[in-house]
file final.cif (mmCIF, C-alpha atoms and all ligand atoms)
data_target
loop_
_atom_site.group_PDB
_atom_site.id
_atom_site.type_symbol
_atom_site.label_atom_id
_atom_site.label_comp_id
_atom_site.auth_asym_id
_atom_site.auth_seq_id
_atom_site.Cartn_x
_atom_site.Cartn_y
_atom_site.Cartn_z
ATOM 1 C CA MET A 473 5.683 21.070 -0.978
ATOM 2 C CA LEU A 474 2.790 19.112 -2.567
ATOM 3 C CA SER A 475 0.321 21.939 -2.689
ATOM 4 C CA GLY A 476 -1.841 21.643 -5.830
ATOM 5 C CA LYS A 477 -0.976 17.951 -6.271
ATOM 6 C CA ARG A 478 -3.798 15.400 -6.351
ATOM 7 C CA ALA A 479 -3.078 12.038 -4.706
ATOM 8 C CA VAL A 480 -5.048 8.796 -4.807
ATOM 9 C CA ILE A 481 -4.194 6.257 -2.115
ATOM 10 C CA THR A 482 -5.805 2.828 -2.388
ATOM 11 C CA GLY A 483 -6.680 0.965 0.824
ATOM 12 C CA SER A 484 -6.354 4.115 2.917
ATOM 13 C CA THR A 485 -9.114 3.613 5.472
ATOM 14 C CA SER A 486 -6.589 1.901 7.735
ATOM 15 C CA GLY A 487 -2.932 1.148 8.471
ATOM 16 C CA ILE A 488 -0.180 2.117 6.040
ATOM 17 C CA GLY A 489 -2.496 3.671 3.442
ATOM 18 C CA LEU A 490 -4.010 6.032 5.998
ATOM 19 C CA GLY A 491 -0.516 6.971 7.247
ATOM 20 C CA ILE A 492 0.572 7.776 3.685
ATOM 21 C CA ALA A 493 -2.615 9.723 2.922
ATOM 22 C CA ARG A 494 -2.098 11.831 6.053
ATOM 23 C CA ALA A 495 1.563 12.461 5.216
ATOM 24 C CA LEU A 496 0.765 13.568 1.645
ATOM 25 C CA ALA A 497 -2.099 15.768 2.900
ATOM 26 C CA SER A 498 0.088 17.312 5.608
ATOM 27 C CA ASN A 499 2.374 18.418 2.763
ATOM 28 C CA GLY A 500 -0.535 20.071 0.948
ATOM 29 C CA ALA A 501 -1.822 17.393 -1.445
ATOM 30 C CA ASP A 502 -5.539 16.852 -2.004
ATOM 31 C CA VAL A 503 -6.336 13.184 -1.437
ATOM 32 C CA VAL A 504 -8.786 10.452 -2.366
ATOM 33 C CA LEU A 505 -9.228 7.810 0.319
ATOM 34 C CA ASN A 506 -10.466 4.323 -0.508
ATOM 35 C CA GLY A 507 -11.091 1.032 1.246
ATOM 36 C CA PHE A 508 -13.593 -0.725 3.465
ATOM 37 C CA GLY A 509 -14.620 -0.187 7.066
ATOM 38 C CA ASP A 510 -17.118 1.473 9.366
ATOM 39 C CA PRO A 511 -18.625 4.452 7.418
ATOM 40 C CA GLN A 512 -18.628 6.718 10.492
ATOM 41 C CA ALA A 513 -14.972 6.001 11.289
ATOM 42 C CA ILE A 514 -14.016 6.616 7.641
ATOM 43 C CA GLU A 515 -15.915 9.910 7.574
ATOM 44 C CA LYS A 516 -14.126 10.957 10.783
ATOM 45 C CA GLU A 517 -10.691 10.253 9.242
ATOM 46 C CA ARG A 518 -11.660 12.100 6.049
ATOM 47 C CA LEU A 519 -12.890 15.158 7.960
ATOM 48 C CA ASN A 520 -9.823 15.146 10.245
ATOM 49 C CA ILE A 521 -7.570 15.350 7.177
ATOM 50 C CA GLU A 522 -9.519 18.318 5.778
ATOM 51 C CA LEU A 523 -9.580 20.162 9.102
ATOM 52 C CA GLU A 524 -5.985 19.442 10.158
ATOM 53 C CA PHE A 525 -4.299 20.084 6.824
ATOM 54 C CA GLY A 526 -6.686 22.425 4.943
ATOM 55 C CA VAL A 527 -6.797 20.206 1.838
ATOM 56 C CA LYS A 528 -9.590 18.483 -0.061
ATOM 57 C CA ALA A 529 -10.150 14.871 1.061
ATOM 58 C CA ARG A 530 -12.672 12.666 -0.709
ATOM 59 C CA PHE A 531 -13.672 9.071 0.020
ATOM 60 C CA ILE A 532 -14.510 6.781 -2.890
ATOM 61 C CA GLN A 533 -15.536 3.218 -2.144
ATOM 62 C CA ALA A 534 -14.514 0.637 -4.735
ATOM 63 C CA ASP A 535 -13.666 -3.044 -4.660
ATOM 64 C CA LEU A 536 -10.211 -3.023 -6.230
ATOM 65 C CA SER A 537 -10.101 -6.796 -6.611
ATOM 66 C CA GLN A 538 -12.229 -6.215 -9.743
ATOM 67 C CA ALA A 539 -10.492 -4.901 -12.876
ATOM 68 C CA GLN A 540 -13.318 -2.674 -14.091
ATOM 69 C CA SER A 541 -14.047 -1.174 -10.641
ATOM 70 C CA THR A 542 -10.341 -0.354 -10.260
ATOM 71 C CA ARG A 543 -10.203 1.450 -13.605
ATOM 72 C CA GLN A 544 -13.516 3.224 -12.853
ATOM 73 C CA PHE A 545 -12.207 4.178 -9.386
ATOM 74 C CA ILE A 546 -9.285 6.055 -10.979
ATOM 75 C CA GLU A 547 -11.625 7.920 -13.358
ATOM 76 C CA ASP A 548 -13.961 8.775 -10.430
ATOM 77 C CA SER A 549 -10.931 10.049 -8.471
ATOM 78 C CA VAL A 550 -9.866 12.211 -11.418
ATOM 79 C CA SER A 551 -13.389 13.686 -11.533
ATOM 80 C CA ALA A 552 -13.406 14.247 -7.755
ATOM 81 C CA LEU A 553 -10.044 16.067 -7.592
ATOM 82 C CA GLY A 554 -9.792 17.461 -11.138
ATOM 83 C CA GLY A 555 -6.849 15.200 -12.048
ATOM 84 C CA ILE A 556 -4.311 12.761 -10.662
ATOM 85 C CA ASP A 557 -0.628 13.442 -9.947
ATOM 86 C CA ILE A 558 0.214 10.741 -7.411
ATOM 87 C CA LEU A 559 -1.072 7.156 -7.260
ATOM 88 C CA VAL A 560 -0.200 5.061 -4.227
ATOM 89 C CA ASN A 561 -1.089 1.429 -4.916
ATOM 90 C CA ASN A 562 -1.365 0.202 -1.348
ATOM 91 C CA ALA A 563 -4.513 -1.923 -0.850
ATOM 92 C CA GLY A 564 -3.595 -5.470 0.048
ATOM 93 C CA ILE A 565 -4.665 -8.602 1.888
ATOM 94 C CA GLN A 566 -2.923 -11.663 3.276
ATOM 95 C CA HIS A 567 -3.684 -15.364 3.541
ATOM 96 C CA THR A 568 -1.333 -17.965 4.979
ATOM 97 C CA ASP A 569 -1.319 -21.695 4.285
ATOM 98 C CA LEU A 570 0.821 -24.403 2.753
ATOM 99 C CA ILE A 571 0.668 -24.434 -1.051
ATOM 100 C CA GLU A 572 -1.154 -27.774 -1.175
ATOM 101 C CA ASN A 573 -3.823 -26.512 1.251
ATOM 102 C CA PHE A 574 -4.063 -22.956 -0.102
ATOM 103 C CA PRO A 575 -7.727 -22.346 -1.073
ATOM 104 C CA ILE A 576 -8.033 -21.426 -4.766
ATOM 105 C CA ASP A 577 -10.342 -18.511 -4.022
ATOM 106 C CA ARG A 578 -7.774 -17.070 -1.546
ATOM 107 C CA TRP A 579 -5.000 -17.367 -4.155
ATOM 108 C CA ASP A 580 -7.207 -15.561 -6.693
ATOM 109 C CA ALA A 581 -8.201 -12.870 -4.180
ATOM 110 C CA VAL A 582 -4.618 -12.106 -3.088
ATOM 111 C CA ILE A 583 -3.336 -11.945 -6.682
ATOM 112 C CA ALA A 584 -6.323 -9.826 -7.784
ATOM 113 C CA LEU A 585 -5.871 -7.152 -5.121
ATOM 114 C CA ASN A 586 -2.140 -7.228 -4.354
ATOM 115 C CA LEU A 587 -0.950 -7.489 -7.967
ATOM 116 C CA SER A 588 -3.629 -7.037 -10.641
ATOM 117 C CA ALA A 589 -5.093 -3.896 -9.004
ATOM 118 C CA VAL A 590 -1.639 -2.286 -9.261
ATOM 119 C CA PHE A 591 -1.668 -2.993 -13.005
ATOM 120 C CA HIS A 592 -5.235 -1.756 -13.590
ATOM 121 C CA GLY A 593 -4.883 1.361 -11.408
ATOM 122 C CA THR A 594 -1.608 2.290 -13.075
ATOM 123 C CA ALA A 595 -2.999 1.680 -16.570
ATOM 124 C CA ALA A 596 -5.888 4.058 -15.849
ATOM 125 C CA ALA A 597 -3.737 6.738 -14.192
ATOM 126 C CA LEU A 598 -0.818 6.861 -16.667
ATOM 127 C CA PRO A 599 -2.594 8.623 -19.580
ATOM 128 C CA HIS A 600 -3.475 11.519 -17.236
ATOM 129 C CA MET A 601 0.074 11.711 -15.852
ATOM 130 C CA LYS A 602 1.725 11.505 -19.289
ATOM 131 C CA THR A 603 -0.471 14.284 -20.689
ATOM 132 C CA GLN A 604 0.565 16.629 -17.879
ATOM 133 C CA GLY A 605 4.221 15.499 -17.953
ATOM 134 C CA TRP A 606 4.397 14.768 -14.205
ATOM 135 C CA GLY A 607 3.373 11.811 -12.131
ATOM 136 C CA ARG A 608 4.387 9.612 -9.249
ATOM 137 C CA ILE A 609 3.433 5.929 -8.955
ATOM 138 C CA ILE A 610 4.282 4.505 -5.537
ATOM 139 C CA ASN A 611 3.659 0.804 -5.078
ATOM 140 C CA ILE A 612 3.571 -0.590 -1.571
ATOM 141 C CA ALA A 613 5.247 -3.953 -2.053
ATOM 142 C CA SER A 614 6.874 -5.640 0.959
ATOM 143 C CA ALA A 615 10.040 -7.308 2.199
ATOM 144 C CA HIS A 616 8.122 -10.233 0.690
ATOM 145 C CA GLY A 617 8.656 -8.592 -2.715
ATOM 146 C CA LEU A 618 12.372 -9.359 -2.306
ATOM 147 C CA VAL A 619 12.549 -12.508 -0.169
ATOM 148 C CA ALA A 620 10.094 -15.262 0.741
ATOM 149 C CA SER A 621 8.486 -16.843 3.787
ATOM 150 C CA ALA A 622 6.792 -20.228 4.019
ATOM 151 C CA GLN A 623 2.971 -20.327 3.838
ATOM 152 C CA LYS A 624 2.742 -17.018 1.954
ATOM 153 C CA SER A 625 2.787 -18.266 -1.663
ATOM 154 C CA ALA A 626 0.165 -15.896 -3.072
ATOM 155 C CA TYR A 627 1.425 -12.880 -1.135
ATOM 156 C CA VAL A 628 5.097 -13.467 -2.019
ATOM 157 C CA ALA A 629 4.226 -14.120 -5.686
ATOM 158 C CA ALA A 630 2.106 -10.958 -5.837
ATOM 159 C CA LYS A 631 4.683 -8.758 -4.111
ATOM 160 C CA HIS A 632 7.567 -10.033 -6.260
ATOM 161 C CA GLY A 633 5.245 -9.268 -9.192
ATOM 162 C CA VAL A 634 4.729 -5.717 -7.917
ATOM 163 C CA VAL A 635 8.499 -5.151 -7.741
ATOM 164 C CA GLY A 636 8.861 -6.359 -11.354
ATOM 165 C CA LEU A 637 5.861 -4.366 -12.574
ATOM 166 C CA THR A 638 7.311 -1.236 -10.933
ATOM 167 C CA LYS A 639 10.446 -1.617 -13.073
ATOM 168 C CA VAL A 640 8.381 -1.930 -16.266
ATOM 169 C CA ILE A 641 6.340 1.180 -15.400
ATOM 170 C CA ALA A 642 9.624 3.026 -14.757
ATOM 171 C CA LEU A 643 11.152 1.975 -18.094
ATOM 172 C CA GLU A 644 8.047 2.742 -20.144
ATOM 173 C CA ASN A 645 7.895 6.235 -18.656
ATOM 174 C CA ALA A 646 11.551 7.162 -18.268
ATOM 175 C CA GLY A 647 12.119 10.766 -19.301
ATOM 176 C CA ASN A 648 8.479 11.827 -19.445
ATOM 177 C CA GLY A 649 8.200 13.127 -15.869
ATOM 178 C CA VAL A 650 6.532 10.050 -14.433
ATOM 179 C CA THR A 651 8.458 7.917 -11.937
ATOM 180 C CA ALA A 652 7.512 4.553 -10.422
ATOM 181 C CA ASN A 653 9.017 3.123 -7.260
ATOM 182 C CA ALA A 654 8.179 0.405 -4.776
ATOM 183 C CA ILE A 655 8.436 0.714 -1.008
ATOM 184 C CA CYS A 656 9.183 -2.597 0.708
ATOM 185 C CA PRO A 657 8.195 -2.451 4.379
ATOM 186 C CA GLY A 658 9.023 -5.054 6.978
ATOM 187 C CA TRP A 659 6.558 -5.613 9.829
ATOM 188 C CA VAL A 660 4.194 -2.694 10.431
ATOM 189 C CA ARG A 661 1.712 -3.101 13.271
ATOM 190 C CA THR A 662 -1.555 -2.701 11.331
ATOM 191 C CA PRO A 663 -4.755 -4.794 11.387
ATOM 192 C CA LEU A 664 -3.215 -7.021 8.652
ATOM 193 C CA VAL A 665 -0.333 -7.956 10.964
ATOM 194 C CA GLU A 666 -2.355 -7.909 14.169
ATOM 195 C CA ARG A 667 -4.241 -10.954 12.828
ATOM 196 C CA GLN A 668 -0.907 -12.769 12.325
ATOM 197 C CA ILE A 669 0.208 -11.837 15.853
ATOM 198 C CA GLU A 670 -3.081 -13.197 17.237
ATOM 199 C CA ALA A 671 -2.608 -16.440 15.281
ATOM 200 C CA MET A 672 0.937 -16.785 16.656
ATOM 201 C CA ALA A 673 -0.270 -16.150 20.228
ATOM 202 C CA ALA A 674 -2.947 -18.825 19.827
ATOM 203 C CA LYS A 675 -0.471 -21.318 18.294
ATOM 204 C CA ASN A 676 2.223 -20.780 20.947
ATOM 205 C CA GLY A 677 -0.145 -20.252 23.883
ATOM 206 C CA THR A 678 1.361 -16.848 24.730
ATOM 207 C CA ASP A 679 -0.059 -13.374 25.259
ATOM 208 C CA ILE A 680 -0.277 -10.899 22.374
ATOM 209 C CA GLU A 681 2.778 -8.819 23.286
ATOM 210 C CA THR A 682 4.998 -11.910 23.619
ATOM 211 C CA ALA A 683 3.753 -13.065 20.211
ATOM 212 C CA ALA A 684 4.499 -9.612 18.719
ATOM 213 C CA LYS A 685 8.086 -9.853 19.996
ATOM 214 C CA GLU A 686 8.405 -13.378 18.567
ATOM 215 C CA LEU A 687 7.120 -12.209 15.200
ATOM 216 C CA LEU A 688 9.718 -9.424 15.112
ATOM 217 C CA SER A 689 12.585 -11.610 16.278
ATOM 218 C CA GLU A 690 11.947 -14.155 13.485
ATOM 219 C CA LYS A 691 12.539 -11.602 10.714
ATOM 220 C CA GLN A 692 13.284 -8.031 11.758
ATOM 221 C CA PRO A 693 16.727 -7.527 13.373
ATOM 222 C CA SER A 694 15.853 -4.059 14.742
ATOM 223 C CA LEU A 695 13.117 -5.764 16.824
ATOM 224 C CA GLN A 696 10.998 -2.661 16.227
ATOM 225 C CA PHE A 697 7.947 -2.194 14.011
ATOM 226 C CA VAL A 698 8.096 0.211 11.052
ATOM 227 C CA SER A 699 5.420 2.910 11.463
ATOM 228 C CA PRO A 700 2.843 4.180 8.927
ATOM 229 C CA GLU A 701 4.232 7.680 9.607
ATOM 230 C CA GLN A 702 7.747 6.611 8.538
ATOM 231 C CA LEU A 703 6.317 5.073 5.361
ATOM 232 C CA GLY A 704 4.326 8.267 4.776
ATOM 233 C CA ALA A 705 7.533 10.309 4.990
ATOM 234 C CA ALA A 706 9.175 8.002 2.412
ATOM 235 C CA ALA A 707 6.220 8.507 0.057
ATOM 236 C CA VAL A 708 6.518 12.285 0.459
ATOM 237 C CA PHE A 709 10.217 12.036 -0.411
ATOM 238 C CA LEU A 710 9.428 10.017 -3.562
ATOM 239 C CA CYS A 711 7.097 12.848 -4.633
ATOM 240 C CA SER A 712 9.783 15.513 -4.127
ATOM 241 C CA ASP A 713 12.081 17.035 -6.767
ATOM 242 C CA ALA A 714 14.998 15.331 -5.008
ATOM 243 C CA ALA A 715 13.555 11.975 -6.157
ATOM 244 C CA ALA A 716 12.869 13.019 -9.765
ATOM 245 C CA GLN A 717 15.632 10.722 -11.064
ATOM 246 C CA MET A 718 14.748 7.881 -8.752
ATOM 247 C CA THR A 719 12.681 5.409 -10.725
ATOM 248 C CA GLY A 720 12.294 1.649 -10.908
ATOM 249 C CA THR A 721 13.733 1.179 -7.418
ATOM 250 C CA SER A 722 12.617 -0.796 -4.387
ATOM 251 C CA LEU A 723 13.107 1.091 -1.164
ATOM 252 C CA SER A 724 13.459 -1.271 1.800
ATOM 253 C CA MET A 725 12.197 -0.039 5.165
ATOM 254 C CA ASP A 726 12.393 -3.244 7.113
ATOM 255 C CA GLY A 727 14.612 -2.892 10.194
ATOM 256 C CA GLY A 728 17.296 -4.991 8.469
ATOM 257 C CA TRP A 729 15.025 -7.914 7.414
ATOM 258 C CA THR A 730 16.470 -8.214 3.884
ATOM 259 C CA ALA A 731 20.036 -7.313 4.877
ATOM 260 C CA ARG A 732 20.798 -10.887 5.875
HETATM 261 P P1 LIG A 801 -4.635 -3.009 6.502
HETATM 262 O O1 LIG A 801 -5.417 -4.272 6.579
HETATM 263 O O2 LIG A 801 -4.485 -2.147 7.711
HETATM 264 O O3 LIG A 801 -5.185 -2.090 5.328
HETATM 265 C C1 LIG A 801 -5.567 -2.610 4.089
HETATM 266 C C2 LIG A 801 -6.425 -1.595 3.376
HETATM 267 O O4 LIG A 801 -6.868 -2.170 2.144
HETATM 268 C C3 LIG A 801 -7.687 -1.217 4.150
HETATM 269 O O5 LIG A 801 -7.986 0.149 3.925
HETATM 270 C C4 LIG A 801 -8.742 -2.109 3.515
HETATM 271 O O6 LIG A 801 -10.073 -1.612 3.669
HETATM 272 C C5 LIG A 801 -8.294 -2.050 2.062
HETATM 273 N N1 LIG A 801 -8.843 -3.128 1.242
HETATM 274 C C6 LIG A 801 -8.920 -4.464 1.527
HETATM 275 N N2 LIG A 801 -9.530 -5.107 0.512
HETATM 276 C C7 LIG A 801 -9.811 -4.168 -0.437
HETATM 277 C C8 LIG A 801 -10.437 -4.206 -1.714
HETATM 278 N N3 LIG A 801 -10.885 -5.351 -2.248
HETATM 279 N N4 LIG A 801 -10.589 -3.040 -2.393
HETATM 280 C C9 LIG A 801 -10.152 -1.875 -1.866
HETATM 281 N N5 LIG A 801 -9.553 -1.771 -0.673
HETATM 282 C C10 LIG A 801 -9.394 -2.910 0.028
HETATM 283 O O7 LIG A 801 -3.201 -3.458 5.946
HETATM 284 P P2 LIG A 801 -1.785 -2.719 5.907
HETATM 285 O O8 LIG A 801 -0.880 -3.501 6.768
HETATM 286 O O9 LIG A 801 -1.911 -1.258 6.111
HETATM 287 O O10 LIG A 801 -1.360 -3.046 4.412
HETATM 288 C C11 LIG A 801 -1.290 -2.078 3.393
HETATM 289 C C12 LIG A 801 -0.331 -2.566 2.321
HETATM 290 O O11 LIG A 801 0.978 -2.679 2.890
HETATM 291 C C13 LIG A 801 -0.674 -3.939 1.748
HETATM 292 O O12 LIG A 801 -0.411 -3.958 0.362
HETATM 293 C C14 LIG A 801 0.298 -4.858 2.479
HETATM 294 O O13 LIG A 801 0.574 -5.999 1.750
HETATM 295 C C15 LIG A 801 1.498 -3.946 2.589
HETATM 296 N N6 LIG A 801 2.453 -4.342 3.640
HETATM 297 C C16 LIG A 801 2.075 -4.430 4.937
HETATM 298 C C17 LIG A 801 3.019 -4.788 5.904
HETATM 299 C C18 LIG A 801 2.684 -4.877 7.366
HETATM 300 O O14 LIG A 801 3.534 -5.364 8.118
HETATM 301 N N7 LIG A 801 1.540 -4.428 7.816
HETATM 302 C C19 LIG A 801 4.323 -5.071 5.508
HETATM 303 C C20 LIG A 801 4.669 -4.971 4.171
HETATM 304 C C21 LIG A 801 3.720 -4.611 3.234
#

call {"tool": "encode", "arguments": {"input": "final.cif", "output": "structure tokens", "more": "lines below"}}
Ligand code: NAD
result
Amino acid sequence: MLSGKRAVITGSTSGIGLGIARALASNGADVVLNGFGDPQAIEKERLNIELEFGVKARFIQADLSQAQSTRQFIEDSVSALGGIDILVNNAGIQHTDLIENFPIDRWDAVIALNLSAVFHGTAAALPHMKTQGWGRIINIASAHGLVASAQKSAYVAAKHGVVGLTKVIALENAGNGVTANAICPGWVRTPLVERQIEAMAAKNGTDIETAAKELLSEKQPSLQFVSPEQLGAAAVFLCSDAAAQMTGTSLSMDGGWTAR
């Protein structure tokens, strides 16, 4: 279905981004992976994608918390794949603390990666997509793009910003073949959340699995984690012809989190 399409997925060395990259590749798209991590493990993931799905997979390291590196990363991806059809803005970090204790450098870092990188990556990708008259921007926001939690000021502000920015991208490109949508996941058991489960276990003096259940029961009525594979399938759908008129939306995949 996506054969011949060229997809760039930020923060795809791990978690949700890797799940989305694999889903797009399994449908025939060439992919650029990005993010940090152990070089050997990254190379293994990259090679697995090429061997399993018979597509081109490239890895391009770039620190997307910097405006210029983000814009350069998109141009390097275009050179590596010969163009860009799909941009998945996924890279993100978390920091939790009360507003009055929130370190300034953590606020700046969360806003830079979780919000500003979406702006810079999109700005660099759009001219290519508009010229070819087809493009898909998929922003990985969060349930925290729609509702809030205490101690997550920077994250909630950034993710609400991503939901708003997605609507602007959609409006500015309506009718020219480029759509923009946000996916808003609830809890997904990735390294980003594993750290929060560990913190909860330490705080409550429980084991990790008890803490994972507590984390779910606070927010996610299904009491089940969303998987990177399910999010990957949603991204594939947003790239399909069936979703051509779907733009500016926020697709919740959160086990009922934002239904109450
Ligand atoms: P993760 O920690 O598993 O992956 C984050 C990815 O971003 C990694 O590849 C990491 O190397 C990369 N990254 C970190 N800093 C970077 C930087 N400066 N430049 C480039 N890449 C960088 O996290 P995840 O849970 O897979 O999160 C992915 C996205 O999904 C984030 O935007 C997160 O906010 C969002 N999200 C996660 C959950 C969840 O429950 N895990 C829920 C809702 C939304």

call {"tool": "residues_around", "arguments": {"input": "final.cif", "residues": "Arg608 in chain A", "least_positions_apart": "5", "cutoff": "12 Å", "atoms": "all atoms listed in the file", "output": "ChimeraX atom specification"}}
result
/A:474,477-481,556-561,594,597-598,600-602,638,641-642,645-646,648-654,707-713,715-720

call {"tool": "closest_residue", "arguments": {"input": "final.cif", "among": "A:Ser625, A:Thr542, A:Ser537, A:Asn499", "to": "ligand LIG 801 (chain A)", "atoms": "only C-alpha atoms and all ligand atoms"}}
result
A:Ser537

call {"tool": "resolve_selection", "arguments": {"input": "final.cif", "expression": "the PyMOL selection byres (((chain A and resi 540) around 12) and not hetatm)", "output": "list in words"}}
result
Ala534, Asp535, Leu536, Ser537, Gln538, Ala539, Ser541, Thr542, Arg543, Gln544, Phe545, Ile546, Glu547, Ala584, Ser588, Ala589, Phe591, His592, Gly593, Ala595 and Ala596 of chain A

call {"tool": "write_last_selection", "arguments": {"input": "final.cif", "atoms": "C-alpha atoms", "output": "PDB file, in the coordinates of the input"}}
result
ATOM      1  CA  ALA A 534     -14.514   0.637  -4.735  1.00  0.00           C
ATOM      2  CA  ASP A 535     -13.666  -3.044  -4.660  1.00  0.00           C
ATOM      3  CA  LEU A 536     -10.211  -3.023  -6.230  1.00  0.00           C
ATOM      4  CA  SER A 537     -10.101  -6.796  -6.611  1.00  0.00           C
ATOM      5  CA  GLN A 538     -12.229  -6.215  -9.743  1.00  0.00           C
ATOM      6  CA  ALA A 539     -10.492  -4.901 -12.876  1.00  0.00           C
ATOM      7  CA  SER A 541     -14.047  -1.174 -10.641  1.00  0.00           C
ATOM      8  CA  THR A 542     -10.341  -0.354 -10.260  1.00  0.00           C
ATOM      9  CA  ARG A 543     -10.203   1.450 -13.605  1.00  0.00           C
ATOM     10  CA  GLN A 544     -13.516   3.224 -12.853  1.00  0.00           C
ATOM     11  CA  PHE A 545     -12.207   4.178  -9.386  1.00  0.00           C
ATOM     12  CA  ILE A 546      -9.285   6.055 -10.979  1.00  0.00           C
ATOM     13  CA  GLU A 547     -11.625   7.920 -13.358  1.00  0.00           C
ATOM     14  CA  ALA A 584      -6.323  -9.826  -7.784  1.00  0.00           C
ATOM     15  CA  SER A 588      -3.629  -7.037 -10.641  1.00  0.00           C
ATOM     16  CA  ALA A 589      -5.093  -3.896  -9.004  1.00  0.00           C
ATOM     17  CA  PHE A 591      -1.668  -2.993 -13.005  1.00  0.00           C
ATOM     18  CA  HIS A 592      -5.235  -1.756 -13.590  1.00  0.00           C
ATOM     19  CA  GLY A 593      -4.883   1.361 -11.408  1.00  0.00           C
ATOM     20  CA  ALA A 595      -2.999   1.680 -16.570  1.00  0.00           C
ATOM     21  CA  ALA A 596      -5.888   4.058 -15.849  1.00  0.00           C
TER      22      ALA A 596
END

call {"tool": "residues_near_ligand", "arguments": {"input": "final.cif", "ligand": "ligand LIG 801 (chain A)", "cutoff": "9 Å", "atoms": "all atoms listed in the file", "output": "tab-separated table (two decimals) with C-alpha atoms, keeping the file's coordinate frame"}}
result
chain	number	residue	atom	x	y	z
A	482	THR	CA	-5.80	2.83	-2.39
A	483	GLY	CA	-6.68	0.96	0.82
A	484	SER	CA	-6.35	4.12	2.92
A	485	THR	CA	-9.11	3.61	5.47
A	486	SER	CA	-6.59	1.90	7.74
A	487	GLY	CA	-2.93	1.15	8.47
A	488	ILE	CA	-0.18	2.12	6.04
A	489	GLY	CA	-2.50	3.67	3.44
A	490	LEU	CA	-4.01	6.03	6.00
A	491	GLY	CA	-0.52	6.97	7.25
A	505	LEU	CA	-9.23	7.81	0.32
A	506	ASN	CA	-10.47	4.32	-0.51
A	507	GLY	CA	-11.09	1.03	1.25
A	508	PHE	CA	-13.59	-0.72	3.46
A	509	GLY	CA	-14.62	-0.19	7.07
A	533	GLN	CA	-15.54	3.22	-2.14
A	534	ALA	CA	-14.51	0.64	-4.74
A	535	ASP	CA	-13.67	-3.04	-4.66
A	536	LEU	CA	-10.21	-3.02	-6.23
A	537	SER	CA	-10.10	-6.80	-6.61
A	538	GLN	CA	-12.23	-6.22	-9.74
A	542	THR	CA	-10.34	-0.35	-10.26
A	561	ASN	CA	-1.09	1.43	-4.92
A	562	ASN	CA	-1.36	0.20	-1.35
A	563	ALA	CA	-4.51	-1.92	-0.85
A	564	GLY	CA	-3.60	-5.47	0.05
A	565	ILE	CA	-4.66	-8.60	1.89
A	566	GLN	CA	-2.92	-11.66	3.28
A	581	ALA	CA	-8.20	-12.87	-4.18
A	584	ALA	CA	-6.32	-9.83	-7.78
A	585	LEU	CA	-5.87	-7.15	-5.12
A	586	ASN	CA	-2.14	-7.23	-4.35
A	589	ALA	CA	-5.09	-3.90	-9.00
A	611	ASN	CA	3.66	0.80	-5.08
A	612	ILE	CA	3.57	-0.59	-1.57
A	613	ALA	CA	5.25	-3.95	-2.05
A	614	SER	CA	6.87	-5.64	0.96
A	615	ALA	CA	10.04	-7.31	2.20
A	616	HIS	CA	8.12	-10.23	0.69
A	617	GLY	CA	8.66	-8.59	-2.72
A	627	TYR	CA	1.42	-12.88	-1.14
A	631	LYS	CA	4.68	-8.76	-4.11
A	655	ILE	CA	8.44	0.71	-1.01
A	656	CYS	CA	9.18	-2.60	0.71
A	657	PRO	CA	8.20	-2.45	4.38
A	658	GLY	CA	9.02	-5.05	6.98
A	659	TRP	CA	6.56	-5.61	9.83
A	660	VAL	CA	4.19	-2.69	10.43
A	661	ARG	CA	1.71	-3.10	13.27
A	662	THR	CA	-1.56	-2.70	11.33
A	663	PRO	CA	-4.76	-4.79	11.39
A	664	LEU	CA	-3.22	-7.02	8.65
A	665	VAL	CA	-0.33	-7.96	10.96
A	666	GLU	CA	-2.36	-7.91	14.17
A	697	PHE	CA	7.95	-2.19	14.01
A	698	VAL	CA	8.10	0.21	11.05
A	700	PRO	CA	2.84	4.18	8.93
A	726	ASP	CA	12.39	-3.24	7.11

call {"tool": "residues_around", "arguments": {"input": "final.cif", "residues": "Arg494 in chain A", "least_positions_apart": "5", "cutoff": "9 Å", "atoms": "all atoms listed in the file", "output": "mmCIF file with C-alpha atoms, keeping the file's coordinate frame"}}
result
data_model
loop_
_atom_site.group_PDB
_atom_site.id
_atom_site.type_symbol
_atom_site.label_atom_id
_atom_site.label_comp_id
_atom_site.auth_asym_id
_atom_site.auth_seq_id
_atom_site.Cartn_x
_atom_site.Cartn_y
_atom_site.Cartn_z
ATOM 1 C CA GLY A 489 -2.496 3.671 3.442
ATOM 2 C CA ASN A 499 2.374 18.418 2.763
ATOM 3 C CA VAL A 503 -6.336 13.184 -1.437
ATOM 4 C CA ILE A 521 -7.570 15.350 7.177
ATOM 5 C CA PHE A 525 -4.299 20.084 6.824
ATOM 6 C CA GLU A 701 4.232 7.680 9.607
ATOM 7 C CA GLY A 704 4.326 8.267 4.776
#

call {"tool": "resolve_selection", "arguments": {"input": "final.cif", "expression": "the PyMOL selection byres (((chain A and resi 502) around 9) and not hetatm)", "output": "short mmCIF file (atom, residue, chain, number, x, y, z; two decimals) with C-alpha atoms, keeping the file's coordinate frame"}}
result
data_model
loop_
_atom_site.label_atom_id
_atom_site.label_comp_id
_atom_site.auth_asym_id
_atom_site.auth_seq_id
_atom_site.Cartn_x
_atom_site.Cartn_y
_atom_site.Cartn_z
CA LEU A 474 2.79 19.11 -2.57
CA SER A 475 0.32 21.94 -2.69
CA GLY A 476 -1.84 21.64 -5.83
CA LYS A 477 -0.98 17.95 -6.27
CA ARG A 478 -3.80 15.40 -6.35
CA ALA A 479 -3.08 12.04 -4.71
CA VAL A 480 -5.05 8.80 -4.81
CA LEU A 496 0.76 13.57 1.64
CA ALA A 497 -2.10 15.77 2.90
CA GLY A 500 -0.54 20.07 0.95
CA ALA A 501 -1.82 17.39 -1.44
CA VAL A 503 -6.34 13.18 -1.44
CA VAL A 504 -8.79 10.45 -2.37
CA GLU A 522 -9.52 18.32 5.78
CA GLY A 526 -6.69 22.42 4.94
CA VAL A 527 -6.80 20.21 1.84
CA LYS A 528 -9.59 18.48 -0.06
CA ALA A 529 -10.15 14.87 1.06
CA ARG A 530 -12.67 12.67 -0.71
CA LEU A 553 -10.04 16.07 -7.59
#
